[in-house]
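Structure data (mmCIF, C-alpha atoms) from input.cif:
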data_query
loop_
_atom_site.label_atom_id
_atom_site.label_comp_id
_atom_site.auth_asym_id
_atom_site.auth_seq_id
_atom_site.Cartn_x
_atom_site.Cartn_y
_atom_site.Cartn_z
CA MET D 1 -11.28 -10.30 -14.20
CA PHE D 2 -7.56 -10.64 -13.49
CA GLY D 3 -6.83 -11.70 -17.05
CA ASN D 4 -9.08 -9.06 -18.58
CA LEU D 5 -7.20 -6.26 -16.84
CA LYS D 6 -3.86 -7.35 -18.25
CA ARG D 7 -4.36 -5.38 -21.48
CA LEU D 8 -4.89 -2.15 -19.53
CA PHE D 9 -1.84 -2.89 -17.42
CA ILE D 10 0.40 -3.55 -20.42
CA ALA D 11 -0.90 -0.42 -22.12
CA GLY D 12 0.01 1.60 -19.06
CA LEU D 13 3.53 0.17 -18.98
CA GLY D 14 4.05 0.91 -22.64
CA SER D 15 2.86 4.46 -22.22
CA MET D 16 5.20 4.97 -19.28
CA ALA D 17 8.14 4.00 -21.46
CA LEU D 18 7.14 6.65 -24.02
CA ALA D 19 6.24 9.24 -21.42
CA GLY D 20 9.86 9.94 -20.55
CA CYS D 21 9.97 12.14 -23.65
CA ALA D 22 6.98 14.26 -22.60
CA VAL D 23 7.65 16.71 -19.80
CA ILE D 24 4.53 17.93 -18.03
CA PRO D 25 4.98 20.90 -15.70
CA GLY D 26 4.63 20.21 -11.99
CA GLY D 27 2.24 22.10 -9.76
CA ASP D 28 -1.32 21.85 -10.99
CA SER D 29 -1.52 18.40 -12.47
CA GLY D 30 -4.95 19.26 -13.81
CA SER D 31 -3.22 21.32 -16.52
CA ALA D 32 -0.88 18.52 -17.43
CA GLY D 33 -0.91 17.91 -21.12
CA SER D 34 -3.85 17.38 -23.42
CA GLY D 35 -6.01 14.38 -24.10
CA PRO D 36 -9.38 12.90 -23.37
CA ALA D 37 -8.83 12.16 -19.70
CA VAL D 38 -9.86 14.78 -17.17
CA SER D 39 -8.22 15.22 -13.78
CA ASP D 40 -9.19 18.23 -11.69
CA SER D 41 -6.41 18.72 -9.16
CA GLY D 42 -6.53 20.96 -6.13
CA SER D 43 -8.90 21.78 -3.32
CA VAL D 44 -12.36 22.19 -4.78
CA SER D 45 -14.52 24.94 -3.28
CA GLY D 46 -17.53 27.09 -4.13
CA PRO D 47 -21.00 26.04 -5.26
CA SER D 48 -20.78 22.46 -6.42
CA ALA D 49 -23.06 23.00 -9.40
CA ASP D 50 -20.57 25.53 -10.75
CA VAL D 51 -17.49 23.40 -10.18
CA LEU D 52 -18.17 20.45 -12.44
CA PRO D 53 -20.17 20.35 -15.67
CA THR D 54 -22.69 17.60 -16.16
CA ASP D 55 -21.13 14.35 -17.37
CA GLU D 56 -23.21 11.75 -19.15
CA GLN D 57 -20.40 9.67 -20.62
CA ARG D 58 -17.80 9.87 -17.87
CA HIS D 59 -17.67 8.46 -14.37
CA ARG D 60 -17.11 11.02 -11.66
CA VAL D 61 -14.52 9.79 -9.18
CA ALA D 62 -13.24 11.73 -6.17
CA LEU D 63 -9.64 11.54 -4.99
CA LEU D 64 -9.38 12.53 -1.32
CA VAL D 65 -5.80 13.23 -0.23
CA PRO D 66 -3.97 15.93 1.76
CA LEU D 67 -2.77 18.70 -0.56
CA SER D 68 -1.68 20.99 2.27
CA GLY D 69 -0.18 20.44 5.70
CA ARG D 70 2.55 18.01 6.69
CA ASN D 71 1.35 15.19 4.41
CA ALA D 72 0.93 17.39 1.35
CA GLU D 73 3.97 15.93 -0.43
CA VAL D 74 2.57 12.41 -0.26
CA GLY D 75 -0.91 13.54 -1.23
CA GLN D 76 0.36 15.49 -4.23
CA ALA D 77 2.43 12.51 -5.37
CA ILE D 78 -0.68 10.34 -5.31
CA ALA D 79 -2.64 12.97 -7.23
CA ASN D 80 0.14 13.24 -9.81
CA ALA D 81 0.20 9.46 -10.21
CA THR D 82 -3.54 9.33 -10.89
CA THR D 83 -3.13 11.97 -13.59
CA MET D 84 -0.24 9.98 -15.01
CA ALA D 85 -2.36 6.82 -15.16
CA LEU D 86 -5.19 8.65 -16.92
CA LEU D 87 -2.81 9.98 -19.56
CA ASP D 88 -0.96 6.69 -19.97
CA THR D 89 -4.14 4.69 -20.52
CA GLY D 90 -5.93 7.32 -22.62
CA ALA D 91 -9.02 6.93 -20.46
CA GLU D 92 -12.02 8.68 -22.00
CA ASN D 93 -14.65 7.74 -19.47
CA LEU D 94 -13.25 9.05 -16.18
CA ARG D 95 -13.25 12.45 -14.49
CA ILE D 96 -11.16 12.41 -11.33
CA THR D 97 -11.45 15.43 -9.06
CA THR D 98 -9.03 15.92 -6.17
CA TYR D 99 -10.22 17.23 -2.79
CA ASP D 100 -7.89 18.37 -0.02
CA THR D 101 -8.50 16.49 3.24
CA ASN D 102 -5.98 18.38 5.37
CA ARG D 103 -8.33 20.74 7.21
CA ASP D 104 -11.55 18.75 7.24
CA ALA D 105 -11.83 15.34 5.59
CA GLY D 106 -15.56 15.23 6.26
CA ASP D 107 -16.10 18.53 4.48
CA ALA D 108 -14.02 17.35 1.54
CA ALA D 109 -16.17 14.23 1.32
CA SER D 110 -19.35 16.28 1.56
CA ARG D 111 -18.29 18.35 -1.42
CA ALA D 112 -17.28 15.22 -3.32
CA VAL D 113 -20.74 13.76 -2.78
CA ALA D 114 -22.45 17.02 -3.76
CA ASP D 115 -20.40 17.11 -6.96
CA GLY D 116 -21.90 13.82 -8.06
CA ASN D 117 -18.92 11.52 -7.56
CA LYS D 118 -19.89 7.86 -7.27
CA LEU D 119 -16.58 6.48 -6.02
CA ILE D 120 -14.10 7.89 -3.51
CA ILE D 121 -10.44 6.96 -3.81
CA GLY D 122 -8.89 7.79 -0.45
CA PRO D 123 -8.47 9.03 2.15
CA LEU D 124 -4.79 8.52 2.92
CA GLN D 125 -4.94 8.42 6.71
CA ARG D 126 -6.99 5.98 8.77
CA ASP D 127 -8.24 8.74 11.09
CA ASN D 128 -9.97 10.37 8.13
CA VAL D 129 -11.89 7.27 7.08
CA GLY D 130 -14.65 7.76 9.67
CA PRO D 131 -15.51 11.37 8.76
CA VAL D 132 -15.43 10.53 5.06
CA LEU D 133 -17.64 7.49 5.52
CA VAL D 134 -20.26 9.55 7.38
CA GLU D 135 -20.77 11.56 4.19
CA ALA D 136 -20.30 8.77 1.66
CA ARG D 137 -22.38 5.94 3.12
CA PRO D 138 -25.81 7.62 2.86
CA ALA D 139 -25.12 8.15 -0.84
CA ASP D 140 -24.00 4.51 -1.36
CA ILE D 141 -20.51 5.64 -2.33
CA PRO D 142 -17.74 3.13 -1.52
CA LEU D 143 -14.26 4.15 -0.39
CA ILE D 144 -10.95 2.73 -1.59
CA THR D 145 -8.57 3.96 1.08
CA PHE D 146 -4.78 4.09 0.86
CA SER D 147 -4.55 3.17 4.55
CA ASN D 148 -3.05 -0.19 5.50
CA ASP D 149 -5.04 -0.49 8.72
CA THR D 150 -7.53 -3.33 8.46
CA THR D 151 -9.53 -2.03 11.43
CA VAL D 152 -11.08 0.62 9.16
CA ALA D 153 -12.15 -1.96 6.55
CA ARG D 154 -15.88 -2.44 6.00
CA ASN D 155 -18.08 -3.83 3.27
CA ASP D 156 -17.98 -0.33 1.77
CA VAL D 157 -14.43 0.64 2.81
CA PHE D 158 -11.74 -1.18 0.88
CA VAL D 159 -8.17 -1.10 2.21
CA MET D 160 -5.68 -0.77 -0.65
CA GLY D 161 -2.50 -0.19 1.38
CA HIS D 162 0.08 -2.88 2.05
CA VAL D 163 -1.18 -4.66 5.16
CA PRO D 164 1.72 -5.38 7.58
CA GLU D 165 0.05 -8.50 8.95
CA GLN D 166 0.13 -10.11 5.52
CA SER D 167 3.87 -9.54 5.24
CA VAL D 168 4.47 -11.25 8.59
CA GLU D 169 2.20 -14.16 7.73
CA ARG D 170 3.90 -14.68 4.36
CA SER D 171 7.40 -14.70 5.88
CA ALA D 172 6.40 -17.00 8.74
CA ARG D 173 4.87 -19.53 6.36
CA PHE D 174 8.05 -19.49 4.30
CA ALA D 175 10.21 -19.95 7.40
CA ILE D 176 8.11 -22.90 8.54
CA ALA D 177 8.50 -24.47 5.11
CA GLN D 178 12.27 -24.18 5.64
CA GLY D 179 12.04 -26.04 8.96
CA ALA D 180 11.41 -23.28 11.52
CA ARG D 181 9.24 -24.33 14.45
CA ASN D 182 9.95 -22.31 17.58
CA PHE D 183 9.44 -18.58 17.15
CA ALA D 184 10.20 -15.58 19.31
CA ALA D 185 9.28 -11.96 18.68
CA LEU D 186 10.59 -8.49 19.38
CA ALA D 187 7.67 -6.10 18.98
CA PRO D 188 7.39 -2.40 19.81
CA ARG D 189 4.70 -1.29 22.20
CA GLY D 190 1.70 0.16 20.45
CA ASP D 191 -0.60 -0.59 17.55
CA TYR D 192 2.01 -1.77 15.06
CA GLY D 193 3.54 -4.24 17.50
CA ASN D 194 0.10 -5.51 18.50
CA ARG D 195 -0.88 -6.10 14.88
CA THR D 196 2.39 -7.88 14.13
CA LEU D 197 2.04 -10.21 17.10
CA ALA D 198 -1.58 -11.01 16.31
CA ALA D 199 -0.63 -11.96 12.76
CA LEU D 200 2.26 -14.12 13.95
CA GLU D 201 0.10 -15.92 16.50
CA ARG D 202 -2.55 -16.53 13.87
CA VAL D 203 -0.23 -18.09 11.30
CA LEU D 204 1.62 -20.19 13.88
CA ALA D 205 -1.69 -21.62 15.08
CA GLU D 206 -2.54 -22.54 11.50
CA GLN D 207 0.88 -24.03 10.73
CA ASN D 208 1.54 -25.83 14.03
CA GLY D 209 4.39 -23.53 14.97
CA ARG D 210 5.13 -22.31 18.50
CA LEU D 211 5.56 -18.81 19.86
CA VAL D 212 7.89 -19.47 22.78
CA SER D 213 8.82 -15.94 23.82
CA VAL D 214 7.79 -12.32 23.24
CA GLU D 215 9.54 -9.15 24.36
CA ARG D 216 8.05 -5.67 23.96
CA TYR D 217 10.05 -2.45 23.89
CA ASP D 218 9.86 1.28 23.34
CA ARG D 219 11.27 2.43 20.01
CA SER D 220 14.72 3.43 21.23
CA ASN D 221 18.23 1.97 21.06
CA THR D 222 18.49 1.01 24.71
CA SER D 223 14.99 -0.42 24.96
CA ILE D 224 15.27 -2.77 21.99
CA LEU D 225 18.75 -3.91 23.07
CA SER D 226 17.46 -4.75 26.54
CA ALA D 227 14.54 -6.63 25.01
CA ALA D 228 16.90 -8.59 22.75
CA ASP D 229 19.06 -9.51 25.75
CA ARG D 230 16.01 -10.76 27.64
CA LEU D 231 14.98 -12.82 24.64
CA THR D 232 18.43 -14.37 24.34
CA GLN D 233 18.46 -15.27 28.03
CA ALA D 234 15.07 -16.98 27.70
CA GLY D 235 16.25 -19.01 24.68
CA GLY D 236 14.37 -21.95 23.17
CA PHE D 237 13.75 -20.42 19.74
CA ASP D 238 15.11 -21.00 16.26
CA THR D 239 13.50 -17.98 14.56
CA VAL D 240 12.96 -14.37 15.69
CA VAL D 241 10.54 -11.86 14.19
CA ILE D 242 11.71 -8.25 14.64
CA ALA D 243 8.88 -5.81 13.98
CA ASP D 244 10.88 -2.68 13.27
CA GLY D 245 12.91 -0.84 10.65
CA ALA D 246 16.38 -1.77 9.44
CA ARG D 247 18.44 0.27 11.91
CA LEU D 248 16.87 -0.99 15.14
CA SER D 249 16.51 -4.50 13.73
CA ALA D 250 20.23 -4.65 12.96
CA MET D 251 21.08 -3.51 16.48
CA ALA D 252 18.84 -6.15 18.02
CA ALA D 253 20.06 -8.95 15.75
CA GLN D 254 23.63 -8.69 17.00
CA ARG D 255 22.43 -9.46 20.54
CA LEU D 256 20.45 -12.56 19.60
CA LYS D 257 23.44 -14.86 19.18
CA ASN D 258 24.98 -16.63 22.15
CA PRO D 259 28.73 -17.46 21.98
CA GLY D 260 29.14 -20.83 20.32
CA ASP D 261 25.43 -21.11 19.51
CA ARG D 262 23.83 -21.04 16.09
CA GLN D 263 22.32 -17.66 15.28
CA PRO D 264 18.55 -17.89 14.87
CA SER D 265 16.83 -17.10 11.61
CA ILE D 266 15.66 -13.48 11.50
CA ILE D 267 12.39 -12.29 9.98
CA GLY D 268 11.66 -8.62 9.35
CA THR D 269 8.50 -6.89 8.22
CA GLU D 270 7.46 -4.77 5.25
CA LEU D 271 9.19 -1.85 7.01
CA TRP D 272 12.42 -3.19 5.52
CA SER D 273 11.17 -2.70 1.98
CA GLY D 274 12.88 0.22 0.25
CA GLU D 275 15.66 0.47 2.87
CA ASP D 276 18.75 0.02 0.69
CA ALA D 277 21.05 0.34 3.72
CA LEU D 278 19.60 -2.94 4.95
CA ALA D 279 21.71 -4.88 2.45
CA ARG D 280 24.87 -3.54 4.10
CA GLU D 281 23.92 -4.72 7.58
CA ALA D 282 26.11 -7.73 8.30
CA THR D 283 24.05 -8.72 11.35
CA LEU D 284 20.98 -9.17 9.14
CA ARG D 285 22.66 -11.18 6.41
CA GLY D 286 20.46 -14.15 5.61
CA ALA D 287 17.34 -12.56 7.15
CA TRP D 288 13.99 -12.79 5.37
CA PHE D 289 11.21 -10.30 4.84
CA SER D 290 8.19 -10.10 2.55
CA ALA D 291 7.07 -7.20 0.39
CA VAL D 292 5.13 -6.55 -2.78
CA PRO D 293 7.25 -6.79 -5.96
CA ASP D 294 8.99 -3.49 -6.70
CA ASN D 295 10.58 -4.39 -10.03
CA ARG D 296 8.41 -1.84 -11.85
CA TYR D 297 9.04 1.03 -9.46
CA ARG D 298 12.14 2.26 -11.31
CA GLN D 299 10.27 2.58 -14.60
CA PHE D 300 7.37 4.26 -12.82
CA ALA D 301 9.71 6.67 -11.02
CA GLN D 302 11.53 7.62 -14.22
CA SER D 303 8.28 8.43 -16.00
CA TYR D 304 6.96 10.32 -12.98
CA SER D 305 10.16 12.34 -12.67
CA ALA D 306 10.09 13.27 -16.36
CA ARG D 307 6.56 14.58 -15.98
CA PHE D 308 6.61 16.24 -12.59
CA GLY D 309 10.26 17.03 -11.96
CA ASN D 310 10.84 15.07 -8.75
CA GLN D 311 10.98 11.53 -7.41
CA PRO D 312 7.70 10.00 -6.23
CA ASN D 313 7.00 8.50 -2.85
CA HIS D 314 6.50 4.73 -3.15
CA ILE D 315 2.88 5.11 -2.05
CA ALA D 316 2.20 7.08 -5.24
CA MET D 317 2.04 3.76 -7.07
CA LEU D 318 -1.17 3.05 -5.19
CA GLY D 319 -2.69 6.08 -6.89
CA TYR D 320 -1.69 4.77 -10.29
CA ASP D 321 -3.08 1.33 -9.52
CA ALA D 322 -6.31 2.83 -8.20
CA VAL D 323 -6.93 4.31 -11.64
CA LEU D 324 -6.24 0.96 -13.35
CA LEU D 325 -8.69 -0.64 -10.94
CA THR D 326 -11.34 2.02 -11.60
CA LEU D 327 -10.98 1.63 -15.35
CA ARG D 328 -11.66 -2.08 -14.97
CA LEU D 329 -14.75 -1.35 -12.90
CA THR D 330 -16.16 0.96 -15.59
CA ARG D 331 -16.66 -1.98 -17.93
CA ASP D 332 -19.64 -3.08 -15.84
CA TRP D 333 -20.60 0.23 -14.25
CA ARG D 334 -22.73 2.86 -15.98
CA PRO D 335 -21.86 6.57 -15.56
CA GLY D 336 -23.98 8.35 -12.97
CA ARG D 337 -25.14 5.12 -11.35
CA VAL D 338 -24.26 3.66 -7.97
CA LEU D 339 -21.18 1.43 -8.23
CA PRO D 340 -22.15 -2.25 -7.77
CA GLN D 341 -19.84 -3.13 -4.91
CA ASN D 342 -19.67 -6.79 -5.88
CA LEU D 343 -17.43 -5.65 -8.74
CA LEU D 344 -14.78 -4.76 -6.17
CA THR D 345 -14.80 -8.19 -4.56
CA ASP D 346 -14.21 -10.32 -7.63
CA SER D 347 -12.24 -13.34 -6.39
CA GLY D 348 -9.92 -13.22 -9.39
CA GLY D 349 -8.59 -9.87 -8.26
CA PHE D 350 -6.92 -7.08 -10.20
CA LEU D 351 -3.50 -6.40 -11.65
CA GLY D 352 -1.45 -3.29 -10.89
CA LEU D 353 2.12 -2.07 -11.06
CA GLU D 354 2.73 -3.72 -7.70
CA GLY D 355 1.33 -7.05 -8.80
CA PRO D 356 -2.03 -8.71 -8.25
CA PHE D 357 -4.40 -7.72 -5.47
CA ARG D 358 -8.00 -8.34 -4.49
CA PHE D 359 -10.55 -7.21 -1.94
CA HIS D 360 -12.48 -9.51 0.35
CA GLY D 361 -16.09 -8.92 1.28
CA ASN D 362 -15.04 -7.36 4.59
CA GLY D 363 -13.04 -4.70 2.74
CA VAL D 364 -9.58 -6.05 3.52
CA GLY D 365 -7.23 -5.98 0.56
CA GLU D 366 -5.01 -8.97 -0.12
CA ARG D 367 -1.73 -8.66 -2.01
CA ALA D 368 0.76 -11.09 -3.47
CA PHE D 369 4.00 -10.80 -1.48
CA GLU D 370 7.42 -12.08 -2.45
CA VAL D 371 9.96 -13.27 0.12
CA ARG D 372 13.36 -11.57 -0.04
CA GLN D 373 16.61 -12.46 1.65
CA VAL D 374 19.27 -10.02 2.77
CA GLY D 375 22.59 -10.80 1.11
CA ASN D 376 26.04 -9.25 0.98
CA GLY D 377 25.17 -5.81 -0.35
CA ALA D 378 22.05 -6.93 -2.22
CA PHE D 379 18.70 -8.66 -1.86
CA SER D 380 17.57 -11.85 -3.53
CA ILE D 381 14.07 -13.18 -4.09
CA VAL D 382 13.90 -16.60 -2.47
CA ASP D 383 10.17 -17.15 -3.03
CA PRO D 384 8.49 -15.14 -5.83
CA ALA D 385 5.08 -13.56 -5.43
CA PRO D 386 2.17 -15.53 -6.90
CA GLN D 387 1.08 -14.30 -10.31
CA GLY D 388 -2.59 -14.37 -9.40
CA PHE D 389 -5.21 -15.72 -7.03
#
As structure tokens, how would this structure be written, given the file I've shared?
Amino acid sequence: MFGNLKRLFIAGLGSMALAGCAVIPGGDSGSAGSGPAVSDSGSVSGPSADVLPTDEQRHRVALLVPLSGRNAEVGQAIANATTMALLDTGAENLRITTYDTNRDAGDAASRAVADGNKLIIGPLQRDNVGPVLVEARPADIPLITFSNDTTVARNDVFVMGHVPEQSVERSARFAIAQGARNFAALAPRGDYGNRTLAALERVLAEQNGRLVSVERYDRSNTSILSAADRLTQAGGFDTVVIADGARLSAMAAQRLKNPGDRQPSIIGTELWSGEDALAREATLRGAWFSAVPDNRYRQFAQSYSARFGNQPNHIAMLGYDAVLLTLRLTRDWRPGRVLPQNLLTDSGGFLGLEGPFRFHGNGVGERAFEVRQVGNGAFSIVDPAPQGF
């Protein structure tokens, strides 16, 4: 399946290069341009039978994202990206209708089911997965959520977001291959820190590494500095995982070196991805972190900006890739029928703008991460992402 999707992927890239010449007004992306693809954007309301005409040749797919409220900007960017993918690929067999999840995700899902959609792309937030699933499961409609929280994954809920645990595991394996053995961790209190530590413990158990010390902290300057000092006093480690963004990580890193001692190797998380200021942090020079390849983001962003008049959020690329994935599924999925969920768990995976990815039977998405190193004003790729599975 991975190889078969490559033609769609290349076609999408080629169309993006040409799309810079075609300006599509922002706002209602459903009115964007002409062509065979149909994307109904906006909050759908009213009697469902009157909203969508009967389709016999096109698959009805629902996009559930926030189009109002504090996450509206992200939701609209995802919706725009799905429209962009439909136009770029010239898809003739998809109708994607967007439903606003801001006020009531369950109600949005109910309307999506009533409208005859057989696949739900979304929701964006993990807290909305439950209400959406209540409506979708009785109709045998799977979800492809943009969340990165694996706790919401099920055999009918597929997590498409970048899973933080996988970034930590990838970096730790790389560090061990470079000779690291004794690890320590600085992790914030709360869910993110818990998930990071669990992933680190798991990979160290597999790779015969040791977790010699852990310090938790509240996300504040003084708390992380105190935690770093406690870690330094405990000693005994050659590598430290810091589960936070660039600013707090840089502050902590400067406290991890004892006078006259060798500074430990530093590992960050996917939170470092996209933080350009990170490359200017001298205390993090030489540090590693793992992220999905972003070499195609610039081309994507240029095409998006030409069409919609602003810069997209990085997560919008997930919307584009969700359309590429859906188009691949339509090869073995008849319009109006229940989607065979085994199509989503093909071991060969799928190819998107952010590289290859695949879903396991438990709904957890797996991505190919590259390992980057912080340099003097720039990043370098020290271990490229695999090209497939």
Distance in Å - CA of Gly375 (chain D) versus CA of Ser220 (chain D): 25.9 Å
Minimum-distance residue to Val74 (chain D), chosen among D:Asn182, D:Ala198, D:Pro123, D:Arg367 (using only C-alpha atoms):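 With only C-alpha atoms as the atom set, the closest residue is D:Pro123.
Minimum distance to Ala114 (chain D) across D:Gly130, D:Leu67, D:Asp346, D:Ala62 (counting all atoms listed in the file) occurs at D:Ala62.
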The PyMOL selection byres ((chain D and resi 273) around 12) resolved against shown file, as an mmCIF file with C-alpha atoms, in the frame of the given file:
data_model
loop_
_atom_site.group_PDB
_atom_site.id
_atom_site.type_symbol
_atom_site.label_atom_id
_atom_site.label_comp_id
_atom_site.auth_asym_id
_atom_site.auth_seq_id
_atom_site.Cartn_x
_atom_site.Cartn_y
_atom_site.Cartn_z
ATOM 1 C CA HIS D 162 0.080 -2.880 2.050
ATOM 2 C CA PRO D 164 1.720 -5.380 7.580
ATOM 3 C CA SER D 167 3.870 -9.540 5.240
ATOM 4 C CA ASP D 244 10.880 -2.680 13.270
ATOM 5 C CA GLY D 245 12.910 -0.840 10.650
ATOM 6 C CA ALA D 246 16.380 -1.770 9.440
ATOM 7 C CA GLY D 268 11.660 -8.620 9.350
ATOM 8 C CA THR D 269 8.500 -6.890 8.220
ATOM 9 C CA GLU D 270 7.460 -4.770 5.250
ATOM 10 C CA LEU D 271 9.190 -1.850 7.010
ATOM 11 C CA TRP D 272 12.420 -3.190 5.520
ATOM 12 C CA GLY D 274 12.880 0.220 0.250
ATOM 13 C CA GLU D 275 15.660 0.470 2.870
ATOM 14 C CA ASP D 276 18.750 0.020 0.690
ATOM 15 C CA ALA D 277 21.050 0.340 3.720
ATOM 16 C CA LEU D 278 19.600 -2.940 4.950
ATOM 17 C CA ALA D 279 21.710 -4.880 2.450
ATOM 18 C CA TRP D 288 13.990 -12.790 5.370
ATOM 19 C CA PHE D 289 11.210 -10.300 4.840
ATOM 20 C CA SER D 290 8.190 -10.100 2.550
ATOM 21 C CA ALA D 291 7.070 -7.200 0.390
ATOM 22 C CA VAL D 292 5.130 -6.550 -2.780
ATOM 23 C CA PRO D 293 7.250 -6.790 -5.960
ATOM 24 C CA ASP D 294 8.990 -3.490 -6.700
ATOM 25 C CA HIS D 314 6.500 4.730 -3.150
ATOM 26 C CA PHE D 369 4.000 -10.800 -1.480
ATOM 27 C CA GLU D 370 7.420 -12.080 -2.450
ATOM 28 C CA VAL D 371 9.960 -13.270 0.120
ATOM 29 C CA ARG D 372 13.360 -11.570 -0.040
ATOM 30 C CA GLN D 373 16.610 -12.460 1.650
ATOM 31 C CA VAL D 374 19.270 -10.020 2.770
ATOM 32 C CA PHE D 379 18.700 -8.660 -1.860
#
Residue among D:Ser147, D:Val113, D:Ala81, D:Tyr304 lying closest to Asp127 (chain D), counting all atoms listed in the file: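 Once distances to Asp127 (chain D) are computed over all atoms listed in the file, the minimum belongs to D:Ser147.
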Selection result of the PyMOL selection byres ((chain D and resi 129) around 9) on this file, as a ChimeraX atom specification: /D:105-106,122-128,130-134,143,145,147,152,157
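Closest approach to Asp104 (chain D) from the set D:Pro66, D:Gly319, D:Pro340, D:Gly309 is made by D:Pro66, with distances taken over all atoms listed in the file.
CA of Ile176 (chain D) lies 11.1 Å from CA of Glu206 (chain D).
What the PyMOL selection byres ((chain D and resi 238) around 9) grabs from this file is Ala180, Arg181, Asn182, Phe183, Ala184, Gly235, Gly236, Phe237, Thr239, Val240, Arg262, Gln263, Pro264, Ser265 and Ile266 of chain D.
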Serialized selection, C-alpha atoms, as a compact mmCIF listing (two decimals), in the coordinates of the input:
# COMPACT_ATOMS: atom_id res chain seq x y z
CA ALA D 180 11.41 -23.28 11.52
CA ARG D 181 9.24 -24.33 14.45
CA ASN D 182 9.95 -22.31 17.58
CA PHE D 183 9.44 -18.58 17.15
CA ALA D 184 10.20 -15.58 19.31
CA GLY D 235 16.25 -19.01 24.68
CA GLY D 236 14.37 -21.95 23.17
CA PHE D 237 13.75 -20.42 19.74
CA THR D 239 13.50 -17.98 14.56
CA VAL D 240 12.96 -14.37 15.69
CA ARG D 262 23.83 -21.04 16.09
CA GLN D 263 22.32 -17.66 15.28
CA PRO D 264 18.55 -17.89 14.87
CA SER D 265 16.83 -17.10 11.61
CA ILE D 266 15.66 -13.48 11.50
Polymer residues at most 9 Å from Ile315 (chain D), all atoms listed in the file, same-chain spacing of 5 or more positions, as JSON, numbers by chain: {"D": [74, 77, 78, 146, 161]}
Nearby residues (all atoms listed in the file) at most 8 Å from Leu325 (chain D), same-chain spacing under 5 positions excluded, as a ChimeraX atom specification: /D:350-352
